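J.: Just so it is clear, I am handing over coords.cif, which has mmCIF, C-alpha atoms.
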data_my_file
loop_
_atom_site.label_atom_id
_atom_site.label_comp_id
_atom_site.auth_asym_id
_atom_site.auth_seq_id
_atom_site.Cartn_x
_atom_site.Cartn_y
_atom_site.Cartn_z
CA MET E 1 125.28 99.59 133.76
CA PRO E 2 127.54 101.25 131.11
CA SER E 3 127.19 104.93 130.17
CA PHE E 4 124.57 106.38 127.82
CA ASN E 5 127.18 106.91 125.09
CA PHE E 6 128.52 103.36 125.43
CA ILE E 7 125.05 101.87 125.07
CA LEU E 8 124.09 104.17 122.19
CA THR E 9 127.31 103.34 120.28
CA THR E 10 126.66 99.62 120.78
CA ILE E 11 123.05 99.99 119.60
CA ILE E 12 124.26 101.69 116.40
CA MET E 13 127.04 99.13 115.78
CA CYS E 14 124.64 96.23 116.33
CA GLY E 15 122.10 97.94 114.06
CA LEU E 16 124.74 98.26 111.37
CA VAL E 17 125.83 94.59 111.36
CA THR E 18 122.20 93.46 111.47
CA PHE E 19 121.33 95.82 108.60
CA ILE E 20 124.16 94.39 106.49
CA SER E 21 123.09 90.80 107.20
CA ARG E 22 119.54 91.59 106.16
CA VAL E 23 120.15 93.81 103.14
CA ALA E 24 123.28 92.42 101.44
CA PRO E 25 121.53 89.32 100.02
CA PHE E 26 118.70 91.49 98.63
CA VAL E 27 121.20 93.74 96.85
CA LEU E 28 123.41 90.92 95.56
CA LEU E 29 120.57 88.67 94.40
CA LYS E 30 119.10 91.56 92.45
CA ARG E 31 122.12 91.21 90.14
CA PHE E 32 123.06 87.55 90.46
CA GLN E 33 121.15 84.30 90.10
CA LEU E 34 121.59 81.64 92.79
CA PRO E 35 122.74 78.22 91.52
CA ALA E 36 119.98 75.56 91.60
CA LYS E 37 121.85 73.62 94.32
CA VAL E 38 121.79 76.64 96.65
CA VAL E 39 118.09 77.24 95.95
CA ASP E 40 117.49 73.61 96.91
CA LEU E 41 119.44 74.15 100.13
CA LEU E 42 117.54 77.32 100.98
CA SER E 43 114.16 75.64 100.54
CA PHE E 44 114.75 74.08 103.96
CA VAL E 45 115.56 77.37 105.70
CA PRO E 46 112.02 78.28 106.90
CA ILE E 47 111.25 75.03 108.73
CA VAL E 48 114.81 74.60 109.97
CA ILE E 49 115.13 78.08 111.49
CA MET E 50 111.69 78.07 113.09
CA SER E 51 112.23 74.62 114.64
CA ALA E 52 115.80 75.41 115.74
CA LEU E 53 114.65 78.57 117.55
CA TRP E 54 111.83 76.62 119.20
CA PHE E 55 113.96 73.63 120.26
CA GLU E 56 116.72 75.85 121.62
CA SER E 57 114.20 77.43 123.99
CA LEU E 58 113.38 74.01 125.46
CA PHE E 59 116.83 73.56 126.97
CA HIS E 60 119.36 75.29 129.19
CA GLN E 61 122.91 75.06 127.98
CA ASN E 62 125.65 73.59 130.21
CA ILE E 63 128.77 73.64 128.03
CA GLY E 64 130.56 70.29 128.26
CA HIS E 65 127.48 68.54 129.66
CA LEU E 66 124.09 67.44 128.39
CA PRO E 67 121.63 70.34 128.21
CA SER E 68 118.95 70.38 130.91
CA LEU E 69 115.25 70.69 130.10
CA ASP E 70 113.37 73.97 130.47
CA TYR E 71 110.19 72.39 131.89
CA PRO E 72 107.97 75.51 131.79
CA ASN E 73 108.68 76.08 128.07
CA LEU E 74 108.40 72.36 127.30
CA LEU E 75 105.04 72.07 129.06
CA ALA E 76 103.73 75.30 127.50
CA SER E 77 104.69 73.97 124.05
CA LEU E 78 102.19 71.09 124.26
CA PRO E 79 98.92 73.12 124.31
CA THR E 80 100.54 75.52 121.81
CA VAL E 81 101.22 72.73 119.31
CA ILE E 82 97.73 71.30 119.84
CA SER E 83 96.16 74.73 119.25
CA ALA E 84 98.21 75.05 116.06
CA ILE E 85 96.91 71.74 114.73
CA LEU E 86 93.30 72.45 115.77
CA THR E 87 92.96 76.11 114.74
CA LYS E 88 95.77 76.91 112.23
CA SER E 89 95.29 80.48 113.55
CA LEU E 90 98.38 82.41 114.60
CA VAL E 91 96.44 84.67 116.99
CA ILE E 92 95.02 81.72 118.91
CA ILE E 93 98.36 79.91 118.89
CA VAL E 94 100.18 82.91 120.43
CA ILE E 95 97.43 83.59 123.01
CA VAL E 96 97.29 79.90 124.01
CA GLY E 97 101.09 79.92 124.32
CA ILE E 98 101.25 83.00 126.56
CA ALA E 99 98.32 81.79 128.69
CA SER E 100 99.88 78.33 129.05
CA LEU E 101 103.21 79.64 130.32
CA ALA E 102 101.48 82.15 132.62
CA LEU E 103 99.37 79.32 134.11
CA ILE E 104 102.41 77.07 134.51
CA GLN E 105 104.40 79.85 136.23
CA PHE E 106 101.42 80.60 138.48
CA LEU E 107 100.99 76.95 139.50
CA ALA E 108 104.72 76.55 140.07
CA LEU E 109 104.78 79.53 142.43
CA ASN E 110 101.66 78.64 144.43
CA MET R 1 95.68 83.65 104.24
CA ASN R 2 94.90 83.95 100.48
CA ASN R 3 96.75 84.69 97.23
CA GLU R 4 96.00 88.45 97.07
CA LEU R 5 99.03 90.73 97.40
CA LYS R 6 97.36 94.01 98.42
CA ALA R 7 98.33 96.14 101.41
CA THR R 8 94.88 95.72 103.00
CA VAL R 9 95.23 91.95 102.79
CA ALA R 10 98.70 92.27 104.37
CA VAL R 11 97.20 94.16 107.32
CA ARG R 12 94.72 91.35 107.92
CA GLU R 13 97.39 88.67 107.58
CA THR R 14 99.92 90.40 109.85
CA LEU R 15 97.46 91.14 112.66
CA PRO R 16 97.89 87.68 114.26
CA THR R 17 101.66 88.16 114.60
CA VAL R 18 101.08 91.56 116.25
CA PHE R 19 100.14 89.73 119.45
CA GLY R 20 103.46 87.95 119.36
CA TYR R 21 105.51 91.14 118.84
CA LEU R 22 103.41 92.89 121.47
CA GLY R 23 104.06 90.19 124.06
CA ILE R 24 107.76 89.89 123.45
CA GLY R 25 108.25 93.65 122.87
CA LEU R 26 106.62 94.37 126.25
CA ALA R 27 108.81 91.68 127.79
CA PHE R 28 111.91 93.26 126.24
CA GLY R 29 111.00 96.72 127.56
CA ILE R 30 110.33 95.36 131.04
CA VAL R 31 113.48 93.25 131.18
CA ALA R 32 115.73 96.02 129.83
CA ARG R 33 114.25 98.58 132.21
CA ALA R 34 114.69 96.16 135.10
CA ALA R 35 118.36 95.80 134.10
CA GLY R 36 118.77 99.58 134.49
CA ILE R 37 118.59 100.82 130.89
CA ASN R 38 116.47 103.96 130.59
CA SER R 39 113.31 104.10 128.47
CA LEU R 40 114.93 106.25 125.77
CA LEU R 41 117.74 103.74 125.17
CA VAL R 42 115.29 100.82 125.32
CA THR R 43 113.24 102.46 122.56
CA LEU R 44 116.37 103.31 120.53
CA THR R 45 117.51 99.68 120.74
CA SER R 46 114.25 98.55 119.14
CA LEU R 47 114.26 101.46 116.68
CA ILE R 48 117.89 101.17 115.50
CA THR R 49 119.11 97.64 116.17
CA TYR R 50 115.66 96.01 115.68
CA ALA R 51 116.94 92.52 116.34
CA GLY R 52 114.30 90.69 118.38
CA SER R 53 115.85 88.04 120.57
CA ALA R 54 119.37 89.45 120.05
CA GLN R 55 118.25 92.57 121.96
CA PHE R 56 117.82 90.43 125.08
CA ILE R 57 121.39 89.25 124.60
CA MET R 58 122.55 92.88 124.35
CA VAL R 59 120.89 93.72 127.67
CA GLY R 60 122.47 90.68 129.29
CA MET R 61 125.90 91.63 127.95
CA PHE R 62 125.53 95.27 129.04
CA ALA R 63 124.79 94.06 132.55
CA THR R 64 127.86 91.80 132.65
CA GLY R 65 130.25 94.48 131.40
CA ASN R 66 131.26 93.33 127.92
CA SER R 67 133.07 95.46 125.34
CA ILE R 68 131.26 97.09 122.40
CA LEU R 69 133.13 94.77 120.05
CA ALA R 70 132.11 91.62 121.96
CA ILE R 71 128.46 92.65 122.03
CA THR R 72 128.45 93.60 118.33
CA LEU R 73 130.09 90.30 117.38
CA SER R 74 127.55 88.31 119.39
CA VAL R 75 124.65 90.16 117.82
CA PHE R 76 126.16 89.59 114.38
CA LEU R 77 126.54 85.85 115.01
CA VAL R 78 123.03 85.50 116.42
CA ASN R 79 121.61 87.46 113.48
CA ALA R 80 123.76 85.85 110.79
CA ARG R 81 120.76 83.60 110.18
CA MET R 82 119.18 86.74 108.64
CA ILE R 83 121.63 86.29 105.74
CA LEU R 84 120.09 82.88 105.02
CA MET R 85 116.55 84.19 105.37
CA SER R 86 117.25 87.18 103.11
CA MET R 87 118.82 84.88 100.52
CA THR R 88 115.73 82.68 100.63
CA VAL R 89 113.17 85.44 100.34
CA ALA R 90 115.00 87.95 98.08
CA PRO R 91 114.38 86.05 94.80
CA LEU R 92 110.61 86.38 95.43
CA VAL R 93 110.84 90.21 95.12
CA LYS R 94 113.65 90.38 92.57
CA HIS R 95 111.34 92.11 90.06
CA GLU R 96 110.97 95.12 92.39
CA SER R 97 113.44 98.06 92.21
CA LEU R 98 116.76 98.05 94.09
CA ILE R 99 115.63 100.67 96.59
CA LYS R 100 112.47 98.68 97.33
CA ASN R 101 114.60 95.57 97.85
CA VAL R 102 116.78 97.48 100.30
CA ILE R 103 113.71 98.72 102.21
CA LEU R 104 112.25 95.21 102.39
CA GLY R 105 115.58 93.80 103.59
CA THR R 106 116.06 96.51 106.20
CA LEU R 107 112.92 95.55 108.10
CA LEU R 108 112.97 91.79 107.57
CA THR R 109 112.35 89.73 110.72
CA ASP R 110 112.06 86.02 111.54
CA GLU R 111 108.30 86.40 111.54
CA SER R 112 107.87 88.57 108.44
CA PHE R 113 110.18 86.09 106.69
CA ALA R 114 108.03 83.16 107.81
CA LEU R 115 104.82 84.98 106.83
CA ALA R 116 106.32 85.76 103.41
CA MET R 117 107.31 82.12 102.85
CA ASN R 118 103.86 81.01 103.99
CA LYS R 119 102.27 83.49 101.60
CA SER R 120 104.48 82.49 98.68
CA ASN R 121 103.12 78.94 98.97
CA LEU R 122 99.80 80.41 97.78
CA THR R 123 101.08 82.96 95.24
CA ASN R 124 103.21 80.76 93.02
CA ARG R 125 106.46 81.99 94.63
CA GLN R 126 105.86 85.68 93.81
CA LEU R 127 105.56 88.54 96.29
CA ASN R 128 105.31 92.30 95.82
CA PHE R 129 106.55 95.41 97.62
CA SER R 130 103.23 96.70 98.92
CA TRP R 131 102.23 93.42 100.60
CA PHE R 132 105.67 92.68 102.06
CA ASN R 133 106.40 96.25 103.14
CA THR R 134 103.04 96.50 104.92
CA VAL R 135 103.86 93.32 106.85
CA ASN R 136 107.29 94.73 107.77
CA LEU R 137 106.01 98.17 108.79
CA ILE R 138 103.28 96.80 111.06
CA SER R 139 105.84 94.50 112.69
CA TYR R 140 108.37 97.32 113.16
CA ALA R 141 105.81 99.77 114.57
CA THR R 142 104.41 97.17 116.96
CA TRP R 143 107.87 96.16 118.14
CA VAL R 144 109.04 99.74 118.82
CA CYS R 145 105.80 100.83 120.52
CA SER R 146 105.55 97.73 122.70
CA SER R 147 109.21 98.06 123.80
CA LEU R 148 108.53 101.66 124.82
CA ILE R 149 105.36 100.71 126.71
CA GLY R 150 107.21 97.79 128.33
CA ALA R 151 110.00 100.09 129.47
CA LEU R 152 107.51 102.60 130.90
CA VAL R 153 105.50 100.03 132.85
CA GLY R 154 108.72 98.17 133.66
CA SER R 155 109.38 100.48 136.57
CA TYR R 156 106.34 98.97 138.28
CA ILE R 157 106.71 95.28 137.41
CA GLN R 158 109.06 93.07 139.36
CA ASP R 159 108.96 89.63 137.81
CA PRO R 160 108.00 89.73 134.10
CA GLU R 161 108.43 85.94 133.75
CA LYS R 162 105.24 85.15 135.57
CA TYR R 163 102.97 86.73 132.95
CA GLY R 164 104.03 84.24 130.30
CA LEU R 165 105.04 86.99 127.84
CA SER R 166 108.44 85.42 127.19
CA PHE R 167 106.61 82.57 125.47
CA ALA R 168 104.99 84.84 122.85
CA LEU R 169 107.99 84.54 120.54
CA ILE R 170 108.27 80.76 120.93
CA ALA R 171 104.52 80.34 120.35
CA MET R 172 104.89 82.36 117.18
CA PHE R 173 107.77 80.14 116.00
CA ILE R 174 105.64 77.04 116.69
CA GLY R 175 102.67 78.50 114.81
CA LEU R 176 104.73 79.66 111.83
CA LEU R 177 106.56 76.31 111.70
CA TYR R 178 103.29 74.37 111.66
CA LEU R 179 101.71 76.64 109.03
CA GLN R 180 104.83 76.39 106.86
CA ILE R 181 104.86 72.58 107.09
CA ILE R 182 101.22 72.15 106.10
CA ASN R 183 101.36 74.78 103.32
CA ASP R 184 104.71 74.05 101.65
CA ARG R 185 103.89 71.74 98.78
CA ALA R 186 107.39 71.89 97.34
CA LEU R 187 108.76 69.55 100.04
CA PRO R 188 107.08 66.21 100.91
CA LEU R 189 105.54 66.10 104.40
CA LEU R 190 107.62 63.10 105.49
CA LEU R 191 110.84 64.83 104.42
CA GLN R 192 109.89 67.94 106.41
CA ALA R 193 109.14 65.80 109.48
CA ILE R 194 112.50 64.06 109.17
CA VAL R 195 114.32 67.40 108.87
CA VAL R 196 112.53 68.83 111.93
CA LEU R 197 113.53 65.76 113.97
CA LEU R 198 117.07 66.16 112.67
CA VAL R 199 117.08 69.79 113.84
CA PHE R 200 115.96 68.62 117.29
CA GLY R 201 118.84 66.15 117.50
CA LEU R 202 121.40 68.68 116.25
CA VAL R 203 120.21 71.39 118.68
CA PHE R 204 120.45 68.90 121.56
CA VAL R 205 123.93 67.67 120.63
CA GLY R 206 125.07 71.18 119.63
CA LEU R 207 124.11 72.63 123.01
CA ILE R 208 126.78 70.42 124.60
CA PHE R 209 129.71 72.15 122.92
CA ILE R 210 128.65 74.99 120.58
CA PRO R 211 128.38 78.51 122.11
CA SER R 212 124.76 79.63 122.02
CA GLN R 213 125.50 82.63 119.74
CA LEU R 214 126.67 80.24 117.00
CA LEU R 215 124.25 77.38 117.58
CA ILE R 216 121.27 78.45 115.47
CA LEU R 217 123.46 79.41 112.51
CA LEU R 218 125.48 76.16 112.50
CA VAL R 219 122.43 73.96 113.08
CA THR R 220 120.61 75.74 110.25
CA ILE R 221 123.42 75.31 107.74
CA LEU R 222 124.02 71.66 108.67
CA SER R 223 120.31 70.77 108.67
CA CYS R 224 119.76 72.33 105.24
CA ILE R 225 122.71 70.37 103.81
CA LEU R 226 121.47 67.11 105.37
CA GLY R 227 117.96 67.91 104.13
CA VAL R 228 119.21 68.15 100.54
CA VAL R 229 121.25 64.95 100.93
CA ILE R 230 118.22 63.03 102.27
CA LYS R 231 115.96 64.53 99.59
CA ASN R 232 118.31 63.46 96.80
CA ALA R 233 118.87 60.00 98.25
CA PHE R 234 115.32 58.97 99.19
CA PHE R 235 112.71 61.33 97.69
#
As structure tokens, how would this structure be written, given the file I've shared?
T.:
Amino acid sequence: MPSFNFILTTIIMCGLVTFISRVAPFVLLKRFQLPAKVVDLLSFVPIVIMSALWFESLFHQNIGHLPSLDYPNLLASLPTVISAILTKSLVIIVIVGIASLALIQFLALN
Amino acid sequence: MNNELKATVAVRETLPTVFGYLGIGLAFGIVARAAGINSLLVTLTSLITYAGSAQFIMVGMFATGNSILAITLSVFLVNARMILMSMTVAPLVKHESLIKNVILGTLLTDESFALAMNKSNLTNRQLNFSWFNTVNLISYATWVCSSLIGALVGSYIQDPEKYGLSFALIAMFIGLLYLQIINDRALPLLLQAIVVLLVFGLVFVGLIFIPSQLLILLVTILSCILGVVIKNAFF
């Protein structure tokens, strides 16, 4: 593991680039108006980002080959999606998700 | 969720996501501690970088001996999606002062973004500082505290995977995605379903040849463009 100073410097650098990514649009859009075409484009961002982050977790990457399935995450997604449809409650969805994966890991190990 | 924009309402509406941050924050603390990073640095990572899933990448890259520049670049690429999220949400708080905009941007996360977009479906696309900042502050505090607790208990836990905590974040994405789909009246349901399927296909194909740090960003940009094209052609 690298030294304390190395890690701390990296933490600060990463914090800085993340800060800029987050804040720059807020500052710029305070002064400028986005063109209607861009607003149209951005209306898809919420569903696209959430689904992309979810779908990425269902696979393992093998560059140059087809991705392989992450079965525990795939299986745990089923009860999670069902709980979303049935309850529309974020608390229940997250608890069902964690419990599902814990159960799957437990069954896979025993 | 309702259309009131008070801080007390924000507390109630953010509470559900606290479980998600708690789960994944604990997992981060445990994993980072297990990799040999001390509890102080674990907490500082959450406090200063505050980058959710990218923090796991940092730990992985520390362990495999990468340069500061390589790690910073990876974190930037993974978090470049924040630019798109900030662009999407910033117009909703444009009426607030510059300093308030900066504060809101500083603590924006995937989840507070999704909550804000969910909320704006009910508030006629208007948000205010006190609601949004409360959401952000609760998220930030939960994330930092749970990372610290995770790091402290991490010395005693061998295999964090088996407690299912790593799924907290994914479950939250699933929940926020579903809530966004059923609440967003600006986009037709069928169009949203098509776009989600498109994202699935692009993620699958993208995994074959796009480095994982770039994947989410490229898939997001491409899917949004295709979404607009499909919307203009068929809806």
J.: May I have the protein, DNA and RNA residues with any atom at most 6 Å from the point (124.1, 74.5, 100.8), counting only C-alpha atoms, written as a ChimeraX atom specification?
T.: /E:38,41 /R:225
J.: Please report the interatomic distance between atom CA of R:Gln213 and atom CA of R:Gly65 in Å with one decimal.
T.: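 Computed distance, atom CA of R:Gln213 to atom CA of R:Gly65, equals 17.3 Å.
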J.: If we count only C-alpha atoms and set the cut-off at 10 Å, which residues sit around R:Ile230, ignoring sequence neighbours fewer than 4 positions away in its own chain? Please answer as a ChimeraX atom specification.
T.: /R:191,194-195,224-226,234-235
J.: Using only C-alpha atoms, please write the residues we just selected to a file, as a PDB file, in the coordinates of the input.
T.:
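Result saved to selection15.pdb:
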ATOM      1  CA  LEU R 191     110.840  64.830 104.420  1.00  0.00           C
ATOM      2  CA  ILE R 194     112.500  64.060 109.170  1.00  0.00           C
ATOM      3  CA  VAL R 195     114.320  67.400 108.870  1.00  0.00           C
ATOM      4  CA  CYS R 224     119.760  72.330 105.240  1.00  0.00           C
ATOM      5  CA  ILE R 225     122.710  70.370 103.810  1.00  0.00           C
ATOM      6  CA  LEU R 226     121.470  67.110 105.370  1.00  0.00           C
ATOM      7  CA  PHE R 234     115.320  58.970  99.190  1.00  0.00           C
ATOM      8  CA  PHE R 235     112.710  61.330  97.690  1.00  0.00           C
TER       9      PHE R 235
END
J.: Could you spell out the hits of the PyMOL selection byres ((chain E) within 7 of (chain R)) on the shown file, as a PDB file with C-alpha atoms, in the frame of the given file?
T.:
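Wrote it out as expr_22.pdb, contents follow:
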ATOM      1  CA  MET E   1     125.280  99.590 133.760  1.00  0.00           C
ATOM      2  CA  PRO E   2     127.540 101.250 131.110  1.00  0.00           C
ATOM      3  CA  THR E  10     126.660  99.620 120.780  1.00  0.00           C
ATOM      4  CA  ILE E  11     123.050  99.990 119.600  1.00  0.00           C
ATOM      5  CA  ILE E  12     124.260 101.690 116.400  1.00  0.00           C
ATOM      6  CA  MET E  13     127.040  99.130 115.780  1.00  0.00           C
ATOM      7  CA  CYS E  14     124.640  96.230 116.330  1.00  0.00           C
ATOM      8  CA  GLY E  15     122.100  97.940 114.060  1.00  0.00           C
ATOM      9  CA  VAL E  17     125.830  94.590 111.360  1.00  0.00           C
ATOM     10  CA  THR E  18     122.200  93.460 111.470  1.00  0.00           C
ATOM     11  CA  PHE E  19     121.330  95.820 108.600  1.00  0.00           C
ATOM     12  CA  SER E  21     123.090  90.800 107.200  1.00  0.00           C
ATOM     13  CA  ARG E  22     119.540  91.590 106.160  1.00  0.00           C
ATOM     14  CA  VAL E  23     120.150  93.810 103.140  1.00  0.00           C
ATOM     15  CA  PRO E  25     121.530  89.320 100.020  1.00  0.00           C
ATOM     16  CA  PHE E  26     118.700  91.490  98.630  1.00  0.00           C
ATOM     17  CA  VAL E  27     121.200  93.740  96.850  1.00  0.00           C
ATOM     18  CA  LEU E  29     120.570  88.670  94.400  1.00  0.00           C
ATOM     19  CA  LYS E  30     119.100  91.560  92.450  1.00  0.00           C
ATOM     20  CA  ASP E  40     117.490  73.610  96.910  1.00  0.00           C
ATOM     21  CA  LEU E  41     119.440  74.150 100.130  1.00  0.00           C
ATOM     22  CA  LEU E  42     117.540  77.320 100.980  1.00  0.00           C
ATOM     23  CA  PHE E  44     114.750  74.080 103.960  1.00  0.00           C
ATOM     24  CA  VAL E  45     115.560  77.370 105.700  1.00  0.00           C
ATOM     25  CA  PRO E  46     112.020  78.280 106.900  1.00  0.00           C
ATOM     26  CA  ILE E  47     111.250  75.030 108.730  1.00  0.00           C
ATOM     27  CA  VAL E  48     114.810  74.600 109.970  1.00  0.00           C
ATOM     28  CA  ILE E  49     115.130  78.080 111.490  1.00  0.00           C
ATOM     29  CA  MET E  50     111.690  78.070 113.090  1.00  0.00           C
ATOM     30  CA  SER E  51     112.230  74.620 114.640  1.00  0.00           C
ATOM     31  CA  ALA E  52     115.800  75.410 115.740  1.00  0.00           C
ATOM     32  CA  LEU E  53     114.650  78.570 117.550  1.00  0.00           C
ATOM     33  CA  TRP E  54     111.830  76.620 119.200  1.00  0.00           C
ATOM     34  CA  PHE E  55     113.960  73.630 120.260  1.00  0.00           C
ATOM     35  CA  GLU E  56     116.720  75.850 121.620  1.00  0.00           C
ATOM     36  CA  GLN E  61     122.910  75.060 127.980  1.00  0.00           C
ATOM     37  CA  ASN E  62     125.650  73.590 130.210  1.00  0.00           C
ATOM     38  CA  ILE E  63     128.770  73.640 128.030  1.00  0.00           C
ATOM     39  CA  GLY E  64     130.560  70.290 128.260  1.00  0.00           C
ATOM     40  CA  HIS E  65     127.480  68.540 129.660  1.00  0.00           C
ATOM     41  CA  LEU E  66     124.090  67.440 128.390  1.00  0.00           C
ATOM     42  CA  PRO E  67     121.630  70.340 128.210  1.00  0.00           C
ATOM     43  CA  THR E  80     100.540  75.520 121.810  1.00  0.00           C
ATOM     44  CA  VAL E  81     101.220  72.730 119.310  1.00  0.00           C
ATOM     45  CA  ALA E  84      98.210  75.050 116.060  1.00  0.00           C
ATOM     46  CA  LYS E  88      95.770  76.910 112.230  1.00  0.00           C
ATOM     47  CA  LEU E  90      98.380  82.410 114.600  1.00  0.00           C
ATOM     48  CA  VAL E  91      96.440  84.670 116.990  1.00  0.00           C
ATOM     49  CA  ILE E  93      98.360  79.910 118.890  1.00  0.00           C
ATOM     50  CA  VAL E  94     100.180  82.910 120.430  1.00  0.00           C
ATOM     51  CA  GLY E  97     101.090  79.920 124.320  1.00  0.00           C
ATOM     52  CA  ILE E  98     101.250  83.000 126.560  1.00  0.00           C
ATOM     53  CA  ALA E  99      98.320  81.790 128.690  1.00  0.00           C
ATOM     54  CA  LEU E 101     103.210  79.640 130.320  1.00  0.00           C
ATOM     55  CA  ALA E 102     101.480  82.150 132.620  1.00  0.00           C
ATOM     56  CA  GLN E 105     104.400  79.850 136.230  1.00  0.00           C
ATOM     57  CA  PHE E 106     101.420  80.600 138.480  1.00  0.00           C
TER      58      PHE E 106
END
J.: Any idea what the distance is between atom CA of R:Leu148 and atom CA of R:Ser39?
T.: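 Going from atom CA of R:Leu148 over to atom CA of R:Ser39, I get 6.5 Å.
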J.: From the list E:Val96, E:Leu86, E:Ser43, E:Ile104, which residue is nearest E:Tyr71 when using only C-alpha atoms?
T.: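 Among the listed residues, the smallest separation from E:Tyr71 belongs to E:Ile104.
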J.: One number please: atom CA of E:Val39 to atom CA of R:Ala10, in Å, one decimal.
T.: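 Those two atoms sit 25.9 Å apart.
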J.: Quick one: which residues end up in the PyMOL selection byres ((chain R and resi 153) around 10) for this structure, as a short mmCIF file (atom, residue, chain, number, x, y, z; two decimals) with C-alpha atoms, keeping the file's coordinate frame?
T.:
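In the end it all went to out-v4.cif:
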data_model
loop_
_atom_site.label_atom_id
_atom_site.label_comp_id
_atom_site.auth_asym_id
_atom_site.auth_seq_id
_atom_site.Cartn_x
_atom_site.Cartn_y
_atom_site.Cartn_z
CA LEU R 26 106.62 94.37 126.25
CA GLY R 29 111.00 96.72 127.56
CA ILE R 30 110.33 95.36 131.04
CA ARG R 33 114.25 98.58 132.21
CA SER R 39 113.31 104.10 128.47
CA SER R 147 109.21 98.06 123.80
CA LEU R 148 108.53 101.66 124.82
CA ILE R 149 105.36 100.71 126.71
CA GLY R 150 107.21 97.79 128.33
CA ALA R 151 110.00 100.09 129.47
CA LEU R 152 107.51 102.60 130.90
CA GLY R 154 108.72 98.17 133.66
CA SER R 155 109.38 100.48 136.57
CA TYR R 156 106.34 98.97 138.28
CA ILE R 157 106.71 95.28 137.41
#
J.: Apply the PyMOL selection byres ((chain E and resi 58) around 9) to the structure shown and report the selected residues as a ChimeraX atom specification.
T.: /E:54-57,59-60,68-74,77
